[in-house]
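Engineer: Enclosed is the structure file final.cif (mmCIF, C-alpha atoms and all ligand atoms).
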```
data_query
loop_
_atom_site.label_atom_id
_atom_site.label_comp_id
_atom_site.auth_asym_id
_atom_site.auth_seq_id
_atom_site.Cartn_x
_atom_site.Cartn_y
_atom_site.Cartn_z
CA MET A 318 98.04 93.15 102.57
CA CYS A 319 97.23 94.44 106.03
CA LEU A 320 99.88 92.23 107.56
CA GLY A 321 101.66 93.82 110.51
CA VAL A 322 105.13 93.01 111.74
CA PRO A 323 106.03 93.47 115.42
CA ALA A 324 109.21 95.47 115.97
CA LYS A 325 111.05 96.69 119.07
CA VAL A 326 111.89 100.39 119.09
CA ILE A 327 115.58 100.96 119.77
CA GLU A 328 116.01 104.66 119.20
CA LYS A 329 113.85 107.62 118.27
CA MET A 330 115.43 109.90 115.67
CA ALA A 331 114.67 113.18 113.94
CA ASN A 332 111.84 113.60 111.39
CA ASP A 333 109.51 110.98 112.87
CA ALA A 334 112.02 108.21 112.24
CA ALA A 335 112.94 105.41 114.62
CA ARG A 336 115.41 102.57 114.51
CA VAL A 337 113.74 99.25 115.30
CA ASP A 338 114.67 95.61 115.65
CA VAL A 339 112.67 93.01 113.74
CA ASN A 340 113.72 89.49 114.64
CA GLY A 341 117.35 90.53 115.09
CA ASN A 342 117.49 92.78 112.01
CA GLN A 343 117.68 96.53 112.47
CA THR A 344 115.74 98.80 110.20
CA GLU A 345 114.33 102.31 110.14
CA ILE A 346 110.62 103.06 110.30
CA ASN A 347 108.37 106.11 110.51
CA ILE A 348 106.57 106.75 113.83
CA ARG A 349 104.36 109.69 112.84
CA LEU A 350 101.26 107.64 113.77
CA THR A 351 102.54 106.62 117.22
CA PRO A 352 104.42 109.71 118.46
CA GLU A 353 104.23 108.65 122.11
CA VAL A 354 106.20 105.42 121.62
CA GLU A 355 109.37 105.05 123.71
CA PRO A 356 112.49 102.93 123.15
CA GLY A 357 111.95 99.41 124.47
CA GLN A 358 108.30 99.28 123.45
CA TYR A 359 107.00 97.16 120.60
CA VAL A 360 105.10 98.56 117.65
CA LEU A 361 103.17 96.92 114.83
CA VAL A 362 104.84 97.91 111.56
CA HIS A 363 103.00 98.03 108.25
CA ALA A 364 104.53 99.36 105.01
CA GLY A 365 107.37 101.03 106.90
CA PHE A 366 105.12 102.83 109.41
CA ALA A 367 104.35 102.04 113.06
CA MET A 368 100.57 101.56 113.20
CA GLU A 369 100.09 100.94 116.92
CA ILE A 370 102.05 100.30 120.09
CA ILE A 371 101.79 96.71 121.33
CA ASP A 372 102.45 94.86 124.54
CA GLU A 373 105.92 93.31 124.73
CA SER A 374 104.91 89.93 126.08
CA ILE A 375 102.24 89.53 123.43
CA ALA A 376 104.45 90.77 120.62
CA LEU A 377 106.81 87.84 121.21
CA GLU A 378 103.93 85.47 120.72
CA THR A 379 103.04 87.27 117.50
CA MET A 380 106.62 87.08 116.28
CA HIS A 381 106.55 83.35 116.40
CA TYR A 382 103.74 83.44 113.88
CA LEU A 383 105.56 86.00 111.79
CA GLU A 384 108.43 83.61 111.17
CA GLU A 385 106.07 81.06 109.73
CA MET A 386 104.55 83.77 107.61
CA LEU A 387 107.90 84.86 106.24
CA GLN A 388 108.89 81.29 105.50
CA TYR A 389 105.68 80.86 103.60
CA GLU A 390 106.17 84.03 101.61
CA GLN A 391 109.57 82.97 100.31
CA MET B 334 103.14 76.16 122.39
CA SER B 335 102.73 75.66 126.12
CA ASN B 336 100.42 73.01 127.49
CA ASP B 337 98.25 75.71 128.99
CA VAL B 338 97.65 77.26 125.61
CA LYS B 339 96.95 73.87 124.06
CA ASN B 340 94.45 73.05 126.76
CA TYR B 341 92.74 76.37 126.38
CA GLN B 342 92.45 75.89 122.63
CA GLN B 343 90.94 72.46 123.19
CA HIS B 344 88.35 73.94 125.53
CA LEU B 345 87.47 76.65 123.04
CA LEU B 346 87.12 74.14 120.26
CA GLN B 347 84.83 71.94 122.33
CA ALA B 348 82.68 74.91 123.21
CA ILE B 349 82.46 75.86 119.54
CA GLN B 350 81.63 72.30 118.50
CA SER B 351 78.80 72.10 120.98
CA PHE B 352 77.02 75.15 119.54
CA ASN B 353 73.40 74.37 118.65
CA GLY B 354 71.91 76.03 115.60
CA SER B 355 73.67 77.19 112.49
CA ALA B 356 75.98 80.16 112.02
CA SER B 357 77.77 81.66 109.02
CA LEU B 358 80.64 83.84 110.16
CA MET B 359 82.45 86.08 107.71
CA GLU B 360 86.01 87.34 107.88
CA VAL B 361 86.87 90.42 105.88
CA CYS B 362 90.62 90.51 106.09
CA GLY B 363 92.99 88.70 103.74
CA THR B 364 95.38 88.03 106.59
CA HIS B 365 92.54 86.27 108.43
CA THR B 366 91.67 84.32 105.29
CA MET B 367 95.21 83.03 105.16
CA ALA B 368 95.50 82.41 108.90
CA ILE B 369 92.21 80.49 108.98
CA ALA B 370 93.17 78.33 105.98
CA LYS B 371 96.61 77.65 107.41
CA SER B 372 95.38 76.79 110.92
CA GLY B 373 93.06 74.08 109.62
CA ILE B 374 90.27 75.45 111.86
CA ARG B 375 87.68 75.06 109.12
CA ALA B 376 88.04 71.26 109.08
CA LEU B 377 87.54 71.12 112.86
CA LEU B 378 84.26 73.01 112.81
CA PRO B 379 80.99 71.11 112.78
CA PRO B 380 78.89 71.44 109.58
CA ASN B 381 76.50 73.87 111.27
CA ILE B 382 79.25 76.52 111.61
CA LYS B 383 80.56 77.99 108.37
CA LEU B 384 83.42 80.41 107.86
CA LEU B 385 83.02 82.63 104.81
CA SER B 386 85.61 84.93 103.30
CA GLY B 387 84.48 88.39 102.32
CA PRO B 388 86.02 91.27 100.37
CA GLY B 389 89.15 91.41 102.53
CA CYS B 390 91.94 91.42 99.99
CA PRO B 391 92.52 94.92 98.54
CA VAL B 392 94.24 93.52 95.47
CA CYS B 393 91.35 91.12 94.79
CA VAL B 394 88.59 93.71 95.16
CA THR B 395 90.24 96.14 92.75
CA SER B 396 88.06 96.30 89.67
CA GLN B 397 89.29 95.00 86.36
CA GLY B 398 88.76 98.44 84.82
CA ASP B 399 91.09 100.05 87.37
CA ILE B 400 93.80 97.47 86.75
CA ASP B 401 93.46 98.02 83.01
CA ALA B 402 93.75 101.79 83.54
CA VAL B 403 97.04 101.40 85.45
CA ILE B 404 98.43 99.12 82.75
CA LEU B 405 97.38 101.60 80.05
CA MET B 406 99.24 104.36 81.92
CA VAL B 407 102.40 102.27 82.08
CA GLN B 408 102.14 101.43 78.39
CA GLN B 409 101.54 104.98 77.19
CA LYS B 410 103.56 107.21 79.49
CA ASP B 411 107.27 107.37 80.06
CA LEU B 412 107.33 106.97 83.83
CA ILE B 413 108.53 104.86 86.74
CA LEU B 414 105.72 103.00 88.49
CA VAL B 415 106.40 101.94 92.07
CA THR B 416 104.05 99.39 93.61
CA PHE B 417 103.57 96.87 96.39
CA GLY B 418 104.62 93.43 95.18
CA ASP B 419 101.09 92.03 95.42
CA MET B 420 100.02 93.97 92.34
CA MET B 421 102.66 92.67 89.94
CA ARG B 422 100.97 89.48 88.76
CA VAL B 423 97.36 90.61 88.93
CA PRO B 424 95.91 90.01 85.49
CA GLY B 425 94.35 92.89 83.62
CA THR B 426 92.25 92.18 80.59
CA TYR B 427 95.22 92.08 78.20
CA SER B 428 98.35 92.22 80.33
CA SER B 429 99.78 92.50 83.85
CA LEU B 430 102.38 94.82 85.37
CA GLN B 431 104.84 91.96 85.40
CA GLU B 432 104.30 91.43 81.68
CA GLU B 433 104.74 95.15 81.00
CA ARG B 434 107.97 95.12 82.95
CA SER B 435 109.30 92.22 80.90
CA LYS B 436 108.48 94.28 77.82
CA GLY B 437 110.63 97.11 79.12
CA ALA B 438 108.37 99.27 81.32
CA ASP B 439 110.05 100.63 84.47
CA VAL B 440 107.94 99.02 87.20
CA ARG B 441 109.54 98.68 90.64
CA VAL B 442 108.41 96.86 93.76
CA ALA B 443 108.63 98.66 97.10
CA TYR B 444 107.95 97.66 100.69
CA SER B 445 107.05 101.18 101.80
CA PRO B 446 105.60 104.11 99.86
CA LEU B 447 108.50 106.15 101.25
CA ASP B 448 110.74 104.13 98.90
CA ALA B 449 108.85 105.71 96.00
CA LEU B 450 109.75 109.18 97.32
CA ARG B 451 113.39 108.17 97.29
CA VAL B 452 113.06 106.99 93.68
CA ALA B 453 111.53 110.38 92.81
CA ARG B 454 114.41 112.25 94.48
CA GLU B 455 116.98 110.11 92.66
CA ASN B 456 115.30 110.55 89.27
CA PRO B 457 114.41 114.25 89.02
CA ASP B 458 114.02 114.06 85.23
CA LYS B 459 111.48 111.24 85.41
CA GLU B 460 107.88 111.07 86.54
CA VAL B 461 107.47 108.64 89.45
CA VAL B 462 104.03 107.23 90.26
CA PHE B 463 103.18 105.20 93.34
CA LEU B 464 100.28 102.78 92.92
CA GLY B 465 98.24 103.48 96.05
CA ILE B 466 96.25 100.44 97.03
CA GLY B 467 94.96 99.12 100.34
CA PHE B 468 92.42 99.64 103.10
CA GLU B 469 92.59 101.89 106.16
CA THR B 470 95.68 100.03 107.43
CA THR B 471 97.75 101.13 104.44
CA THR B 472 96.22 104.47 103.49
CA PRO B 473 97.78 106.51 106.35
CA ALA B 474 101.24 105.49 105.08
CA ILE B 475 100.42 106.78 101.60
CA ALA B 476 98.88 109.94 103.05
CA ILE B 477 102.05 110.75 105.02
CA THR B 478 104.15 110.01 101.94
CA LEU B 479 102.10 112.48 99.88
CA GLU B 480 102.36 115.10 102.60
CA GLN B 481 106.11 114.66 102.73
CA GLY B 482 106.45 114.80 98.93
CA LYS B 483 104.52 118.07 98.89
CA MET B 484 106.61 119.52 101.70
CA GLU B 485 109.77 118.70 99.81
CA GLY B 486 108.31 120.25 96.68
CA LEU B 487 108.81 117.10 94.61
CA LYS B 488 107.20 117.95 91.28
CA ASN B 489 107.76 114.53 89.70
CA PHE B 490 105.93 112.44 92.31
CA SER B 491 102.29 111.38 92.16
CA VAL B 492 99.95 108.64 93.43
CA PHE B 493 97.41 106.60 91.49
CA SER B 494 94.82 106.04 94.21
CA LEU B 495 92.88 102.80 94.27
CA HIS B 496 92.38 103.05 98.03
CA LYS B 497 89.19 101.71 99.55
CA VAL B 498 87.48 101.88 102.92
CA VAL B 499 85.95 98.81 104.53
CA PRO B 500 82.68 99.83 106.31
CA PRO B 501 80.60 100.67 103.19
CA ALA B 502 81.39 97.22 101.72
CA LEU B 503 80.30 95.58 104.98
CA GLU B 504 77.07 97.52 104.92
CA LEU B 505 76.40 96.30 101.39
CA ILE B 506 76.98 92.69 102.42
CA PHE B 507 74.80 92.97 105.53
CA SER B 508 71.97 94.53 103.55
CA ASP B 509 72.01 91.86 100.80
CA SER B 510 69.45 89.22 101.69
CA ASP B 511 71.17 86.73 99.34
CA ILE B 512 74.30 86.70 101.44
CA LYS B 513 73.88 84.87 104.71
CA VAL B 514 76.16 86.31 107.34
CA ASP B 515 75.29 85.93 111.03
CA GLY B 516 78.41 87.43 112.54
CA LEU B 517 81.53 89.28 111.56
CA ILE B 518 85.16 88.52 112.34
CA CYS B 519 86.37 92.11 112.01
CA PRO B 520 89.78 92.86 110.51
CA GLY B 521 92.52 93.31 113.11
CA HIS B 522 94.68 95.97 111.54
CA VAL B 523 92.02 97.97 109.71
CA SER B 524 90.33 98.26 113.11
CA ALA B 525 93.57 99.49 114.70
CA VAL B 526 92.97 102.62 112.60
CA ILE B 527 89.17 102.98 112.40
CA GLY B 528 88.33 101.70 115.90
CA ILE B 529 84.99 100.06 116.68
CA LYS B 530 82.53 102.87 116.05
CA PRO B 531 81.84 101.98 112.39
CA TYR B 532 81.01 98.42 113.44
CA GLU B 533 78.76 99.59 116.26
CA ILE B 534 76.58 101.40 113.77
CA LEU B 535 76.36 98.29 111.57
CA ALA B 536 75.89 95.84 114.45
CA GLU B 537 72.96 97.81 115.73
CA LYS B 538 71.33 98.46 112.36
CA TYR B 539 71.60 94.91 111.04
CA ARG B 540 71.60 93.04 114.36
CA LYS B 541 74.89 91.22 113.70
CA PRO B 542 77.56 90.56 116.33
CA CYS B 543 81.06 91.76 115.46
CA VAL B 544 84.37 90.73 117.05
CA VAL B 545 87.68 92.41 116.22
CA THR B 546 90.01 89.44 116.13
CA GLY B 547 93.77 88.80 116.06
CA PHE B 548 95.61 86.42 113.77
CA GLU B 549 96.91 83.55 115.91
CA THR B 550 94.96 80.29 115.87
CA LEU B 551 94.11 80.99 119.48
CA ASP B 552 92.86 84.48 118.59
CA ILE B 553 90.63 83.13 115.84
CA LEU B 554 89.18 80.36 117.99
CA GLU B 555 88.49 82.91 120.69
CA GLY B 556 86.89 85.28 118.16
CA ILE B 557 84.59 82.52 116.87
CA TYR B 558 83.72 81.53 120.42
CA MET B 559 82.84 85.13 121.31
CA LEU B 560 80.62 85.49 118.24
CA LEU B 561 78.79 82.24 119.00
CA GLN B 562 78.25 83.32 122.60
CA GLN B 563 76.60 86.49 121.36
CA LEU B 564 74.43 84.57 118.88
CA LYS B 565 73.36 82.21 121.63
CA LYS B 566 72.25 85.15 123.75
CA ASP B 567 70.73 86.92 120.77
CA GLN B 568 73.10 89.86 121.15
CA ALA B 569 74.62 92.08 118.48
CA ARG B 570 77.49 93.92 120.13
CA VAL B 571 80.99 94.85 119.07
CA GLU B 572 83.76 93.22 121.09
CA ILE B 573 87.53 93.39 120.81
CA GLN B 574 89.38 90.11 121.11
CA TYR B 575 92.60 91.68 119.77
CA GLY B 576 93.01 94.18 122.60
CA ARG B 577 96.80 94.03 122.57
CA VAL B 578 96.76 96.07 119.37
CA VAL B 579 93.27 97.52 118.80
CA LYS B 580 91.89 100.31 120.96
CA PRO B 581 88.16 101.11 120.85
CA GLU B 582 88.89 104.57 119.46
CA GLY B 583 91.38 103.26 116.87
CA ASN B 584 94.25 105.56 115.91
CA PRO B 585 92.94 109.15 115.59
CA ILE B 586 96.22 110.44 114.13
CA ALA B 587 96.03 107.87 111.34
CA ARG B 588 92.41 108.81 110.60
CA GLN B 589 93.27 112.52 110.55
CA THR B 590 96.09 112.02 108.06
CA ILE B 591 93.77 110.07 105.76
CA GLU B 592 91.14 112.78 106.02
CA GLN B 593 93.53 115.63 105.38
CA ILE B 594 94.72 114.22 102.09
CA PHE B 595 91.94 112.02 100.76
CA GLN B 596 88.22 112.43 100.26
CA PRO B 597 85.56 109.74 99.82
CA VAL B 598 84.41 108.93 96.32
CA SER B 599 82.24 106.15 94.94
CA ALA B 600 84.30 103.18 93.81
CA ARG B 601 83.79 99.96 91.93
CA TRP B 602 84.63 96.73 93.76
CA ARG B 603 85.10 93.44 92.00
CA GLY B 604 82.04 91.35 92.75
CA LEU B 605 80.20 94.05 94.70
CA GLY B 606 79.78 96.73 92.04
CA VAL B 607 79.89 100.47 92.64
CA ILE B 608 79.62 101.41 96.33
CA PRO B 609 79.07 105.07 97.33
CA ASP B 610 81.84 106.66 99.43
CA SER B 611 83.89 103.46 99.46
CA GLY B 612 86.92 104.78 97.57
CA LEU B 613 89.40 107.55 98.30
CA GLU B 614 90.68 110.19 95.90
CA LEU B 615 93.20 112.94 96.53
CA ARG B 616 91.76 116.24 97.76
CA GLU B 617 91.94 119.31 95.57
CA GLU B 618 95.01 120.65 97.38
CA TYR B 619 96.80 117.53 96.20
CA ALA B 620 95.35 117.42 92.68
CA ASP B 621 98.78 118.02 91.14
CA MET B 622 99.93 114.79 92.78
CA ASP B 623 96.99 112.75 91.49
CA ALA B 624 98.40 110.50 88.74
CA ARG B 625 94.99 109.94 87.18
CA LEU B 626 94.64 113.68 86.53
CA LYS B 627 98.28 114.35 85.82
CA PHE B 628 98.45 111.80 83.03
CA ASP B 629 94.82 112.11 81.99
CA ILE B 630 94.01 108.41 82.44
CA PRO B 631 90.42 107.61 81.46
CA GLU B 632 88.01 105.41 83.39
CA MET B 633 88.08 101.99 81.78
CA GLU B 634 85.19 99.66 81.23
CA GLU B 635 84.74 96.64 83.45
CA VAL B 636 85.55 93.48 81.49
CA PRO B 637 84.94 90.37 83.59
CA ILE B 638 87.46 87.53 83.41
CA LYS B 639 85.84 84.64 81.56
CA GLY B 640 84.79 81.79 83.83
CA CYS B 641 86.33 83.36 86.96
CA ALA B 642 83.95 83.53 89.90
CA CYS B 643 86.19 85.78 92.02
CA GLY B 644 83.40 88.31 92.36
CA GLU B 645 81.07 85.71 93.86
CA VAL B 646 83.84 84.51 96.18
CA LEU B 647 84.55 88.06 97.37
CA ALA B 648 80.89 88.68 98.15
CA GLY B 649 80.75 85.45 100.18
CA ARG B 650 78.13 83.96 97.84
CA ILE B 651 80.28 80.90 97.11
CA THR B 652 83.49 79.37 98.41
CA PRO B 653 86.45 78.86 96.02
CA PRO B 654 85.90 75.11 95.40
CA ASP B 655 82.47 76.04 93.97
CA CYS B 656 84.23 77.72 91.02
CA ALA B 657 84.43 75.32 88.07
CA LEU B 658 88.01 76.40 87.31
CA PHE B 659 89.33 76.04 90.87
CA GLY B 660 92.26 73.63 91.04
CA ARG B 661 91.76 72.64 87.41
CA ALA B 662 92.40 75.47 84.95
CA CYS B 663 93.17 77.86 87.82
CA THR B 664 96.03 77.18 90.27
CA PRO B 665 98.62 79.43 91.97
CA LEU B 666 101.09 78.47 89.24
CA LYS B 667 98.68 79.42 86.47
CA PRO B 668 96.18 81.74 88.16
CA ILE B 669 93.20 83.08 86.25
CA GLY B 670 91.69 85.54 88.71
CA PRO B 671 93.16 87.86 91.38
CA CYS B 672 91.77 85.66 94.20
CA MET B 673 94.26 83.00 93.09
CA VAL B 674 97.09 85.43 92.30
CA SER B 675 97.28 87.31 95.56
CA HIS B 676 98.78 85.08 98.22
CA GLU B 677 96.06 86.18 100.62
CA GLY B 678 93.26 85.77 98.11
CA SER B 679 90.59 83.25 99.16
CA CYS B 680 91.23 80.91 96.23
CA ALA B 681 94.98 80.82 96.86
CA ALA B 682 94.45 80.27 100.59
CA TYR B 683 92.01 77.40 99.96
CA TYR B 684 94.27 75.85 97.35
CA ARG B 685 97.43 75.90 99.40
CA TYR B 686 96.01 74.51 102.58
CA THR B 687 93.28 72.13 101.46
CA PRO B 688 94.34 68.55 100.83
CA ALA B 689 94.03 67.68 97.11
CA LYS B 690 91.05 65.39 97.64
CA GLY B 691 89.08 68.14 99.35
CA ARG B 692 89.56 70.67 96.59
CA GLY B 693 86.29 69.88 94.87
S1 LIG A 701 89.49 79.59 91.31
FE1 LIG A 701 90.48 81.01 89.86
S2 LIG A 701 88.96 81.31 88.29
FE2 LIG A 701 87.88 80.45 90.04
S3 LIG A 701 87.17 82.22 91.24
FE3 LIG A 701 89.16 81.68 92.06
S4 LIG A 701 90.59 82.97 90.91
FE4 LIG A 701 88.69 82.98 89.75
#
```
Represent the structure from my file as structure tokens, please.
Ligand code: SF4

Structural biologist:
Amino acid sequence: MCLGVPAKVIEKMANDAARVDVNGNQTEINIRLTPEVEPGQYVLVHAGFAMEIIDESIALETMHYLEEMLQYEQ
Amino acid sequence: MSNDVKNYQQHLLQAIQSFNGSASLMEVCGTHTMAIAKSGIRALLPPNIKLLSGPGCPVCVTSQGDIDAVILMVQQKDLILVTFGDMMRVPGTYSSLQEERSKGADVRVAYSPLDALRVARENPDKEVVFLGIGFETTTPAIAITLEQGKMEGLKNFSVFSLHKVVPPALELIFSDSDIKVDGLICPGHVSAVIGIKPYEILAEKYRKPCVVTGFETLDILEGIYMLLQQLKKDQARVEIQYGRVVKPEGNPIARQTIEQIFQPVSARWRGLGVIPDSGLELREEYADMDARLKFDIPEMEEVPIKGCACGEVLAGRITPPDCALFGRACTPLKPIGPCMVSHEGSCAAYYRYTPAKGRG
């Protein structure tokens, strides 16, 4: 249940919202917990909220695993 | 995977295999349970190194009484229940949320608790309850949702809190002389919130090394290696292997939001019993958004599932194949206990990734 999904922040918006890219799909998340995040950085998303900011190069590695995870969940 | 990574993994594995002495390492995160089962690491470890699963799946550790209470609420009250998908198939004593939905109850699955707020806005004439479940990773999301609901003045939104915190359960496991744990693979994303301080207290008090570990095969091998190194040197420190996400101080904003909205309360865990200060209930300022109070839902008695050894599995006393029903009466298609229902439950993880002949 504590699964986190890496996402790239595209744009910060009003009310703690941000538009992010997850594996090519754009979605909106809440960034109340990581207010200092800037567009271009990766965050770890859990239940629609950014939990932590992560390193770009490492996030890509994590994404590879995510795909397997999503395949498995289907 | 690059050759460099492969080589590195091979080196780590060799180092792990050459460890003298015995070690039981416990992971307390359902995502680790799944990642370990999937990676096949267990089969590569020598018999002197054991990997145990602990109480790391929030759905699995939820007590039977609490599940029954939620089902009772759905049966008796005219409301919309919004929940994470993991809860749908979890068996209560007489029914499950999925079964109630097929009988006509309005139970909806959401990815984010914020979806439940939307449902509440769209249905002003209906009561909307979010089933709050999860550890420190998930709780900040629910806390912010509650805060937002209050700010908007939504009168028809409430949360049924089954939230739990991890450190008190770890303390219970460390202090139980029946459970042999030599080192702890600490949960990656819970630690992103709580940081390493809670583990430092435990590591020192019980002399057990702790390593906050990521979820790739490489991460896990590295985490095991780091724990064994500490055991070799007779150390009991807290280290972070998963530094790309976890900071030593955790996420203070996330902790503050939890604290502002929730307060600790004793809670019953499946398999571990009642643990002081291990649950979270809504603070008094949020009492009108506490579904348990709002709908006057009683505490329900704990009725164990017949023959299911989930509780023993969650405490790390046995591994799933030790359960007489595992793979026979109990499979992911016809699960008996929550550890087989939840896709990150230990029984489900063992079943999916263990070859049939090794299933006991
Ligand atoms: S195999 Fe099934 S019955 Fe046995 S402990 Fe696991 S969930 Fe319970």

Engineer: Using all atoms listed in the file, find each residue with an atom at most 12 Å away from ligand LIG 701 (chain A) and format the answer as a PyMOL selection string.

Structural biologist: chain B and resi 393-394+423-424+603-604+637-685+692-693

Engineer: How close does each residue of chain B get to chain A, giving the shortest atom pair and distance in Å to one decimal for every residue with an atom at most 6 Å away, counting only C-alpha atoms, sorted by chain and residue number, as CSV?

Structural biologist:
```
residue,atom,partner,partner_atom,distance
B:Tyr444,CA,A:Ala364,CA,5.8
B:Ser445,CA,A:Ala364,CA,4.5
B:Thr470,CA,A:Cys319,CA,6.0
B:Arg577,CA,A:Ile371,CA,5.8
B:Val578,CA,A:Ile371,CA,5.4
B:Ile586,CA,A:Leu350,CA,5.8
B:Ala587,CA,A:Leu350,CA,5.8
```

Engineer: Please provide as a list in words all residues within 12 Å of Glu592 in chain B, with the sequence filter that same-chain residues fewer than 5 positions apart are discarded (counting all atoms listed in the file).

Structural biologist: Glu469, Thr472, Pro473, Ile475, Ala476, Ile477, Glu480, Val498, Ile527, Pro585, Ile586, Ala587, Pro597, Leu613, Glu614, Leu615 and Arg616 of chain B

Engineer: Tell me, in Å to one decimal, how far CA of Leu430 in chain B is from CA of Ile404 in chain B.

Structural biologist: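 CA of Leu430 in chain B sits 6.4 Å away from CA of Ile404 in chain B.
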
Engineer: What does the distance from CA of Ser524 in chain B to CA of Val545 in chain B come to in Å, to one decimal?

Structural biologist: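 These atoms are spaced 7.1 Å apart.
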
Engineer: Identify the residues within 12 Å of coordinate (107.5, 113.0, 88.7) (same frame as the file), considering only C-alpha atoms, and give the answer as a PDB file with C-alpha atoms, keeping the file's coordinate frame.

Structural biologist:
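Full text of part13.pdb as output:
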```
ATOM      1  CA  LYS B 410     103.560 107.210  79.490  1.00  0.00           C
ATOM      2  CA  ASP B 411     107.270 107.370  80.060  1.00  0.00           C
ATOM      3  CA  LEU B 412     107.330 106.970  83.830  1.00  0.00           C
ATOM      4  CA  ILE B 413     108.530 104.860  86.740  1.00  0.00           C
ATOM      5  CA  LEU B 414     105.720 103.000  88.490  1.00  0.00           C
ATOM      6  CA  VAL B 415     106.400 101.940  92.070  1.00  0.00           C
ATOM      7  CA  ALA B 449     108.850 105.710  96.000  1.00  0.00           C
ATOM      8  CA  LEU B 450     109.750 109.180  97.320  1.00  0.00           C
ATOM      9  CA  ARG B 451     113.390 108.170  97.290  1.00  0.00           C
ATOM     10  CA  VAL B 452     113.060 106.990  93.680  1.00  0.00           C
ATOM     11  CA  ALA B 453     111.530 110.380  92.810  1.00  0.00           C
ATOM     12  CA  ARG B 454     114.410 112.250  94.480  1.00  0.00           C
ATOM     13  CA  GLU B 455     116.980 110.110  92.660  1.00  0.00           C
ATOM     14  CA  ASN B 456     115.300 110.550  89.270  1.00  0.00           C
ATOM     15  CA  PRO B 457     114.410 114.250  89.020  1.00  0.00           C
ATOM     16  CA  ASP B 458     114.020 114.060  85.230  1.00  0.00           C
ATOM     17  CA  LYS B 459     111.480 111.240  85.410  1.00  0.00           C
ATOM     18  CA  GLU B 460     107.880 111.070  86.540  1.00  0.00           C
ATOM     19  CA  VAL B 461     107.470 108.640  89.450  1.00  0.00           C
ATOM     20  CA  VAL B 462     104.030 107.230  90.260  1.00  0.00           C
ATOM     21  CA  PHE B 463     103.180 105.200  93.340  1.00  0.00           C
ATOM     22  CA  GLY B 482     106.450 114.800  98.930  1.00  0.00           C
ATOM     23  CA  LYS B 483     104.520 118.070  98.890  1.00  0.00           C
ATOM     24  CA  GLY B 486     108.310 120.250  96.680  1.00  0.00           C
ATOM     25  CA  LEU B 487     108.810 117.100  94.610  1.00  0.00           C
ATOM     26  CA  LYS B 488     107.200 117.950  91.280  1.00  0.00           C
ATOM     27  CA  ASN B 489     107.760 114.530  89.700  1.00  0.00           C
ATOM     28  CA  PHE B 490     105.930 112.440  92.310  1.00  0.00           C
ATOM     29  CA  SER B 491     102.290 111.380  92.160  1.00  0.00           C
ATOM     30  CA  VAL B 492      99.950 108.640  93.430  1.00  0.00           C
ATOM     31  CA  ASP B 621      98.780 118.020  91.140  1.00  0.00           C
ATOM     32  CA  MET B 622      99.930 114.790  92.780  1.00  0.00           C
ATOM     33  CA  ASP B 623      96.990 112.750  91.490  1.00  0.00           C
ATOM     34  CA  ALA B 624      98.400 110.500  88.740  1.00  0.00           C
ATOM     35  CA  LYS B 627      98.280 114.350  85.820  1.00  0.00           C
ATOM     36  CA  PHE B 628      98.450 111.800  83.030  1.00  0.00           C
TER      37      PHE B 628
END
```

Engineer: Report the distance between CA of Leu554 in chain B and CA of Glu533 in chain B in Å, rounded to one decimal place.

Structural biologist: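 Calculated distance between CA of Leu554 in chain B and CA of Glu533 in chain B is 21.9 Å.
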
Engineer: Around range 493-502 of chain B, with edges along x, y and z and 8 Å added on all six sides, what centre and edge lengths do you get, in Å to one decimal, as AutoDock Vina command-line options?

Structural biologist:
```
--center_x 89.0 --center_y 101.9 --center_z 98.9 --size_x 32.8 --size_y 25.4 --size_z 30.8
```

Engineer: Rank nothing, just name the residue among B:Gln481, B:Ile534, B:Tyr619, B:Gln397 nearest to Asn332 in chain A, using only C-alpha atoms.

Structural biologist: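 Looking only at the distances to Asn332 in chain A, the closest residue turns out to be B:Gln481.
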
Engineer: Which neighbours of Leu561 in chain B fall inside 9 Å, counting all atoms listed in the file, when residues of the same chain fewer than 4 positions from it are skipped, and could you give them as a PDB file with C-alpha atoms, keeping the file's coordinate frame?

Structural biologist:
```
ATOM      1  CA  ILE B 349      82.460  75.860 119.540  1.00  0.00           C
ATOM      2  CA  PHE B 352      77.020  75.150 119.540  1.00  0.00           C
ATOM      3  CA  ALA B 356      75.980  80.160 112.020  1.00  0.00           C
ATOM      4  CA  GLY B 516      78.410  87.430 112.540  1.00  0.00           C
ATOM      5  CA  PRO B 542      77.560  90.560 116.330  1.00  0.00           C
ATOM      6  CA  GLY B 556      86.890  85.280 118.160  1.00  0.00           C
ATOM      7  CA  ILE B 557      84.590  82.520 116.870  1.00  0.00           C
ATOM      8  CA  LYS B 565      73.360  82.210 121.630  1.00  0.00           C
ATOM      9  CA  LYS B 566      72.250  85.150 123.750  1.00  0.00           C
TER      10      LYS B 566
END
```
